[in-house]
file query_9.pdb (PDB, C-alpha atoms)
MODEL        1
ATOM      1  CA  MET A   1     -20.093  -2.307 -25.217  1.00  0.00           C
ATOM      2  CA  GLU A   2     -17.384  -1.819 -27.791  1.00  0.00           C
ATOM      3  CA  ASN A   3     -14.582   0.559 -26.892  1.00  0.00           C
ATOM      4  CA  GLU A   4     -14.744   3.537 -29.234  1.00  0.00           C
ATOM      5  CA  TYR A   5     -11.739   5.307 -27.771  1.00  0.00           C
ATOM      6  CA  THR A   6      -8.133   4.261 -27.376  1.00  0.00           C
ATOM      7  CA  ILE A   7      -5.939   6.365 -25.139  1.00  0.00           C
ATOM      8  CA  PRO A   8      -3.012   7.931 -27.048  1.00  0.00           C
ATOM      9  CA  ALA A   9       0.228   5.947 -26.876  1.00  0.00           C
ATOM     10  CA  GLU A  10       2.070   9.053 -25.616  1.00  0.00           C
ATOM     11  CA  THR A  11      -0.112   9.213 -22.481  1.00  0.00           C
ATOM     12  CA  ARG A  12       1.760   8.668 -19.227  1.00  0.00           C
ATOM     13  CA  ILE A  13       1.114   8.752 -15.509  1.00  0.00           C
ATOM     14  CA  GLY A  14       2.279  12.176 -14.332  1.00  0.00           C
ATOM     15  CA  HIS A  15       2.578  11.754 -10.574  1.00  0.00           C
ATOM     16  CA  VAL A  16       1.303  10.012  -7.495  1.00  0.00           C
ATOM     17  CA  HIS A  17       0.170  11.902  -4.401  1.00  0.00           C
ATOM     18  CA  LEU A  18       0.472  10.049  -1.091  1.00  0.00           C
ATOM     19  CA  LYS A  19      -1.138  10.677   2.265  1.00  0.00           C
ATOM     20  CA  VAL A  20       1.576  10.260   4.908  1.00  0.00           C
ATOM     21  CA  SER A  21       1.583  10.487   8.687  1.00  0.00           C
ATOM     22  CA  ASP A  22       4.907  12.290   9.157  1.00  0.00           C
ATOM     23  CA  LEU A  23       6.173  14.554   6.373  1.00  0.00           C
ATOM     24  CA  LYS A  24       9.783  14.724   7.597  1.00  0.00           C
ATOM     25  CA  ARG A  25      10.021  10.948   7.903  1.00  0.00           C
ATOM     26  CA  SER A  26       8.649  10.544   4.374  1.00  0.00           C
ATOM     27  CA  LEU A  27      11.073  13.131   2.991  1.00  0.00           C
ATOM     28  CA  ASP A  28      13.936  11.302   4.718  1.00  0.00           C
ATOM     29  CA  PHE A  29      12.876   8.132   2.869  1.00  0.00           C
ATOM     30  CA  TYR A  30      12.019   9.510  -0.577  1.00  0.00           C
ATOM     31  CA  CYS A  31      14.747  12.179  -0.717  1.00  0.00           C
ATOM     32  CA  GLY A  32      17.383  11.003   1.744  1.00  0.00           C
ATOM     33  CA  LEU A  33      17.343   7.322   0.774  1.00  0.00           C
ATOM     34  CA  LEU A  34      15.843   7.135  -2.720  1.00  0.00           C
ATOM     35  CA  GLY A  35      17.400  10.399  -3.919  1.00  0.00           C
ATOM     36  CA  PHE A  36      14.406  12.479  -5.055  1.00  0.00           C
ATOM     37  CA  GLU A  37      14.692  16.276  -4.800  1.00  0.00           C
ATOM     38  CA  VAL A  38      12.200  18.614  -3.143  1.00  0.00           C
ATOM     39  CA  THR A  39      10.692  21.035  -5.662  1.00  0.00           C
ATOM     40  CA  ALA A  40       8.139  22.730  -3.375  1.00  0.00           C
ATOM     41  CA  HIS A  41       7.041  22.835   0.267  1.00  0.00           C
ATOM     42  CA  TYR A  42       3.640  23.835   1.581  1.00  0.00           C
ATOM     43  CA  GLY A  43       4.512  24.610   5.170  1.00  0.00           C
ATOM     44  CA  ASP A  44       4.926  21.503   7.277  1.00  0.00           C
ATOM     45  CA  GLN A  45       1.916  19.788   5.671  1.00  0.00           C
ATOM     46  CA  ALA A  46       2.971  18.933   2.117  1.00  0.00           C
ATOM     47  CA  ALA A  47       5.924  18.664  -0.220  1.00  0.00           C
ATOM     48  CA  PHE A  48       6.429  17.880  -3.872  1.00  0.00           C
ATOM     49  CA  ILE A  49       9.456  15.886  -5.020  1.00  0.00           C
ATOM     50  CA  SER A  50      10.936  14.911  -8.361  1.00  0.00           C
ATOM     51  CA  ALA A  51      13.765  13.410 -10.330  1.00  0.00           C
ATOM     52  CA  GLY A  52      15.558  15.545 -12.880  1.00  0.00           C
ATOM     53  CA  GLY A  53      13.804  18.847 -12.228  1.00  0.00           C
ATOM     54  CA  TYR A  54      10.256  17.850 -13.221  1.00  0.00           C
ATOM     55  CA  HIS A  55       7.694  19.846 -11.197  1.00  0.00           C
ATOM     56  CA  HIS A  56       6.804  16.712  -9.213  1.00  0.00           C
ATOM     57  CA  HIS A  57       6.664  12.974  -9.550  1.00  0.00           C
ATOM     58  CA  ILE A  58       5.433  12.421  -6.004  1.00  0.00           C
ATOM     59  CA  GLY A  59       3.325  14.594  -3.747  1.00  0.00           C
ATOM     60  CA  LEU A  60       3.390  13.950  -0.001  1.00  0.00           C
ATOM     61  CA  ASN A  61       0.841  15.436   2.371  1.00  0.00           C
ATOM     62  CA  THR A  62      -0.479  15.144   5.921  1.00  0.00           C
ATOM     63  CA  TRP A  63      -3.748  17.008   5.260  1.00  0.00           C
ATOM     64  CA  HIS A  64      -5.935  14.076   6.349  1.00  0.00           C
ATOM     65  CA  SER A  65      -3.350  11.698   7.749  1.00  0.00           C
ATOM     66  CA  LYS A  66      -0.997  13.423  10.208  1.00  0.00           C
ATOM     67  CA  GLY A  67      -0.039  10.985  12.954  1.00  0.00           C
ATOM     68  CA  MET A  68      -2.315   8.265  11.583  1.00  0.00           C
ATOM     69  CA  PRO A  69      -1.380   4.570  11.384  1.00  0.00           C
ATOM     70  CA  PRO A  70      -0.763   2.840   8.036  1.00  0.00           C
ATOM     71  CA  ALA A  71      -3.785   1.765   6.005  1.00  0.00           C
ATOM     72  CA  PRO A  72      -4.792  -1.872   6.563  1.00  0.00           C
ATOM     73  CA  VAL A  73      -3.089  -4.296   4.187  1.00  0.00           C
ATOM     74  CA  ASN A  74      -6.337  -6.134   3.450  1.00  0.00           C
ATOM     75  CA  SER A  75      -8.302  -3.163   2.149  1.00  0.00           C
ATOM     76  CA  VAL A  76      -8.724  -1.186  -1.033  1.00  0.00           C
ATOM     77  CA  GLY A  77      -6.137   1.444  -1.897  1.00  0.00           C
ATOM     78  CA  LEU A  78      -2.802   1.887  -3.568  1.00  0.00           C
ATOM     79  CA  TYR A  79      -0.837  -1.360  -3.955  1.00  0.00           C
ATOM     80  CA  HIS A  80       2.457   0.287  -4.831  1.00  0.00           C
ATOM     81  CA  THR A  81       4.097   3.196  -6.571  1.00  0.00           C
ATOM     82  CA  ALA A  82       6.476   2.040  -9.302  1.00  0.00           C
ATOM     83  CA  ILE A  83       9.653   4.017  -9.938  1.00  0.00           C
ATOM     84  CA  VAL A  84      11.448   3.203 -13.199  1.00  0.00           C
ATOM     85  CA  TYR A  85      15.224   3.513 -13.373  1.00  0.00           C
ATOM     86  CA  PRO A  86      16.868   4.084 -16.773  1.00  0.00           C
ATOM     87  CA  THR A  87      19.400   1.235 -16.492  1.00  0.00           C
ATOM     88  CA  ARG A  88      20.074  -1.988 -14.638  1.00  0.00           C
ATOM     89  CA  LYS A  89      23.158  -0.345 -13.139  1.00  0.00           C
ATOM     90  CA  ASP A  90      20.941   2.397 -11.648  1.00  0.00           C
ATOM     91  CA  LEU A  91      18.750  -0.279 -10.052  1.00  0.00           C
ATOM     92  CA  ALA A  92      21.876  -1.995  -8.698  1.00  0.00           C
ATOM     93  CA  THR A  93      23.088   1.329  -7.279  1.00  0.00           C
ATOM     94  CA  MET A  94      19.773   1.794  -5.481  1.00  0.00           C
ATOM     95  CA  TYR A  95      19.926  -1.751  -4.137  1.00  0.00           C
ATOM     96  CA  GLY A  96      23.419  -0.983  -2.804  1.00  0.00           C
ATOM     97  CA  ARG A  97      22.040   2.139  -1.059  1.00  0.00           C
ATOM     98  CA  LEU A  98      19.220   0.108   0.493  1.00  0.00           C
ATOM     99  CA  ARG A  99      21.695  -2.527   1.714  1.00  0.00           C
ATOM    100  CA  THR A 100      23.996   0.113   3.206  1.00  0.00           C
ATOM    101  CA  ALA A 101      21.019   1.680   5.012  1.00  0.00           C
ATOM    102  CA  ASP A 102      19.881  -1.805   6.126  1.00  0.00           C
ATOM    103  CA  TYR A 103      16.452  -0.973   4.659  1.00  0.00           C
ATOM    104  CA  PRO A 104      14.316  -4.118   4.316  1.00  0.00           C
ATOM    105  CA  LEU A 105      12.992  -5.395   1.008  1.00  0.00           C
ATOM    106  CA  THR A 106       9.633  -7.140   0.785  1.00  0.00           C
ATOM    107  CA  GLY A 107      10.635  -8.869  -2.465  1.00  0.00           C
ATOM    108  CA  ALA A 108      12.801  -8.962  -5.567  1.00  0.00           C
ATOM    109  CA  SER A 109      11.629 -10.378  -8.899  1.00  0.00           C
ATOM    110  CA  ASP A 110      12.527 -10.913 -12.516  1.00  0.00           C
ATOM    111  CA  HIS A 111       9.365 -10.286 -14.566  1.00  0.00           C
ATOM    112  CA  GLY A 112      10.860 -11.001 -17.981  1.00  0.00           C
ATOM    113  CA  VAL A 113      10.182  -7.457 -19.174  1.00  0.00           C
ATOM    114  CA  SER A 114      11.778  -5.947 -16.075  1.00  0.00           C
ATOM    115  CA  GLU A 115      13.667  -6.586 -12.850  1.00  0.00           C
ATOM    116  CA  ALA A 116      12.211  -5.186  -9.645  1.00  0.00           C
ATOM    117  CA  LEU A 117      12.882  -4.555  -5.979  1.00  0.00           C
ATOM    118  CA  TYR A 118       9.923  -4.225  -3.616  1.00  0.00           C
ATOM    119  CA  LEU A 119       9.812  -2.412  -0.283  1.00  0.00           C
ATOM    120  CA  ASN A 120       7.479  -0.318   1.853  1.00  0.00           C
ATOM    121  CA  ASP A 121       7.864   3.350   2.647  1.00  0.00           C
ATOM    122  CA  PRO A 122       7.680   4.422   6.330  1.00  0.00           C
ATOM    123  CA  ASP A 123       3.858   4.559   6.130  1.00  0.00           C
ATOM    124  CA  GLY A 124       3.538   1.064   4.701  1.00  0.00           C
ATOM    125  CA  ASN A 125       2.897   2.248   1.133  1.00  0.00           C
ATOM    126  CA  GLY A 126       4.312  -0.242  -1.331  1.00  0.00           C
ATOM    127  CA  VAL A 127       7.185   0.913  -3.542  1.00  0.00           C
ATOM    128  CA  GLU A 128       8.507  -0.916  -6.595  1.00  0.00           C
ATOM    129  CA  LEU A 129      11.938   0.094  -7.890  1.00  0.00           C
ATOM    130  CA  TYR A 130      12.631  -1.375 -11.329  1.00  0.00           C
ATOM    131  CA  TRP A 131      14.222  -1.093 -14.739  1.00  0.00           C
ATOM    132  CA  ASP A 132      12.710  -2.236 -18.026  1.00  0.00           C
ATOM    133  CA  ARG A 133      14.690  -4.487 -20.284  1.00  0.00           C
ATOM    134  CA  PRO A 134      14.928  -3.195 -23.857  1.00  0.00           C
ATOM    135  CA  LYS A 135      11.632  -3.911 -25.619  1.00  0.00           C
ATOM    136  CA  ASP A 136      13.294  -6.180 -28.196  1.00  0.00           C
ATOM    137  CA  LEU A 137      14.329  -8.502 -25.317  1.00  0.00           C
ATOM    138  CA  TRP A 138      10.845  -8.880 -23.846  1.00  0.00           C
ATOM    139  CA  PRO A 139       9.739 -12.528 -23.895  1.00  0.00           C
ATOM    140  CA  HIS A 140       6.925 -13.594 -26.242  1.00  0.00           C
ATOM    141  CA  ASP A 141       5.205 -16.902 -26.864  1.00  0.00           C
ATOM    142  CA  ALA A 142       5.068 -18.632 -30.258  1.00  0.00           C
ATOM    143  CA  TYR A 143       2.043 -16.474 -31.199  1.00  0.00           C
ATOM    144  CA  GLY A 144       3.767 -13.179 -30.408  1.00  0.00           C
ATOM    145  CA  ASN A 145       1.913 -12.579 -27.131  1.00  0.00           C
ATOM    146  CA  LEU A 146       3.907 -10.842 -24.412  1.00  0.00           C
ATOM    147  CA  ILE A 147       4.892 -13.133 -21.559  1.00  0.00           C
ATOM    148  CA  MET A 148       5.328 -11.691 -18.064  1.00  0.00           C
ATOM    149  CA  TYR A 149       6.177 -13.799 -15.068  1.00  0.00           C
ATOM    150  CA  THR A 150       7.518 -13.562 -11.539  1.00  0.00           C
ATOM    151  CA  ARG A 151      10.803 -15.369 -11.006  1.00  0.00           C
ATOM    152  CA  PHE A 152      13.646 -15.147  -8.514  1.00  0.00           C
ATOM    153  CA  LEU A 153      15.953 -12.158  -8.925  1.00  0.00           C
ATOM    154  CA  ASP A 154      19.479 -12.935  -7.747  1.00  0.00           C
ATOM    155  CA  LEU A 155      20.487  -9.793  -5.872  1.00  0.00           C
ATOM    156  CA  ASN A 156      24.136 -10.801  -5.725  1.00  0.00           C
ATOM    157  CA  VAL A 157      24.212 -10.955  -9.521  1.00  0.00           C
ATOM    158  CA  LEU A 158      22.457  -7.571  -9.650  1.00  0.00           C
ATOM    159  CA  LEU A 159      25.213  -6.102  -7.488  1.00  0.00           C
ATOM    160  CA  LEU A 160      27.835  -7.315 -10.007  1.00  0.00           C
ATOM    161  CA  GLU A 161      26.382  -4.672 -12.331  1.00  0.00           C
ATOM    162  CA  LEU A 162      28.201  -2.083 -10.208  1.00  0.00           C
ATOM    163  CA  ASN A 163      31.538  -3.500 -11.384  1.00  0.00           C
ATOM    164  CA  THR A 164      30.797  -2.994 -15.092  1.00  0.00           C
TER
ENDMDL
END

call {"tool": "encode", "arguments": {"input": "query_9.pdb", "output": "structure tokens"}}
result
Amino acid sequence: MENEYTIPAETRIGHVHLKVSDLKRSLDFYCGLLGFEVTAHYGDQAAFISAGGYHHHIGLNTWHSKGMPPAPVNSVGLYHTAIVYPTRKDLATMYGRLRTADYPLTGASDHGVSEALYLNDPDGNGVELYWDRPKDLWPHDAYGNLIMYTRFLDLNVLLLELNT
């Protein structure tokens, strides 16, 4: 079947809504550590959080998950939520915050188009923190096809960004 519709280029993902087991613990992570701001509370069962005053980038709720264990790793479901920082220095700042809090990473990669830190939230939901390189620096092959890869990201070099 031929695709007769192409989604508009201006389309974007508006928000992600996560089921969590402990709302306060999740707010401590997303707001206390990552720096999001609460925009709305629904009692002790749900909260909406954002960056920069948007109505919400992330919804957190315990409606079907209060006190429940994390979802199994080897099952269907959300792989990770990706949070894009505007600059490499912002990503370095967040890495510094994670180091200070002794919060564990699950990975760190250079993808050619971006640099990323990977971690899990308190419920085991994957979180990717990254910045995109300027589009004119994205790698392409000889035919103009975009090249993405996963290579080592030197976190010590990332931290040097804080000195610039």

call {"tool": "resolve_selection", "arguments": {"input": "query_9.pdb", "expression": "the PyMOL selection byres ((chain A and resi 47) around 8)", "output": "MDAnalysis selection string"}}
result
chainID A and resid 23 38:42 45:46 48:49 59:61

call {"tool": "closest_residue", "arguments": {"input": "query_9.pdb", "among": "A:Ser114, A:Ser26, A:Thr81, A:Ser21", "to": "Met148 of chain A", "atoms": "only C-alpha atoms"}}
result
A:Ser114

call {"tool": "resolve_selection", "arguments": {"input": "query_9.pdb", "expression": "the PyMOL selection byres ((chain A and resi 149) around 7)", "output": "list in words"}}
result
His111, Gly112, Ile147, Met148, Thr150 and Arg151 of chain A

call {"tool": "atom_distance", "arguments": {"input": "query_9.pdb", "atom1": "atom CA of Val157 of chain A", "atom2": "atom CA of Tyr103 of chain A"}}
result
19.0 Å

call {"tool": "resolve_selection", "arguments": {"input": "query_9.pdb", "expression": "the PyMOL selection byres ((chain A and resi 132) around 6)", "output": "list in words"}}
result
Val113, Ser114, Trp131 and Arg133 of chain A

call {"tool": "residues_around", "arguments": {"input": "query_9.pdb", "residues": "Leu78 of chain A", "least_positions_apart": "2", "cutoff": "9 Å", "atoms": "all atoms listed in the file", "output": "MDAnalysis selection string"}}
result
chainID A and resid 76 80:81 125:126

call {"tool": "write_last_selection", "arguments": {"input": "query_9.pdb", "atoms": "C-alpha atoms", "output": "mmCIF file, keeping the file's coordinate frame"}}
result
data_model
loop_
_atom_site.group_PDB
_atom_site.id
_atom_site.type_symbol
_atom_site.label_atom_id
_atom_site.label_comp_id
_atom_site.auth_asym_id
_atom_site.auth_seq_id
_atom_site.Cartn_x
_atom_site.Cartn_y
_atom_site.Cartn_z
ATOM 1 C CA VAL A 76 -8.724 -1.186 -1.033
ATOM 2 C CA HIS A 80 2.457 0.287 -4.831
ATOM 3 C CA THR A 81 4.097 3.196 -6.571
ATOM 4 C CA ASN A 125 2.897 2.248 1.133
ATOM 5 C CA GLY A 126 4.312 -0.242 -1.331
#
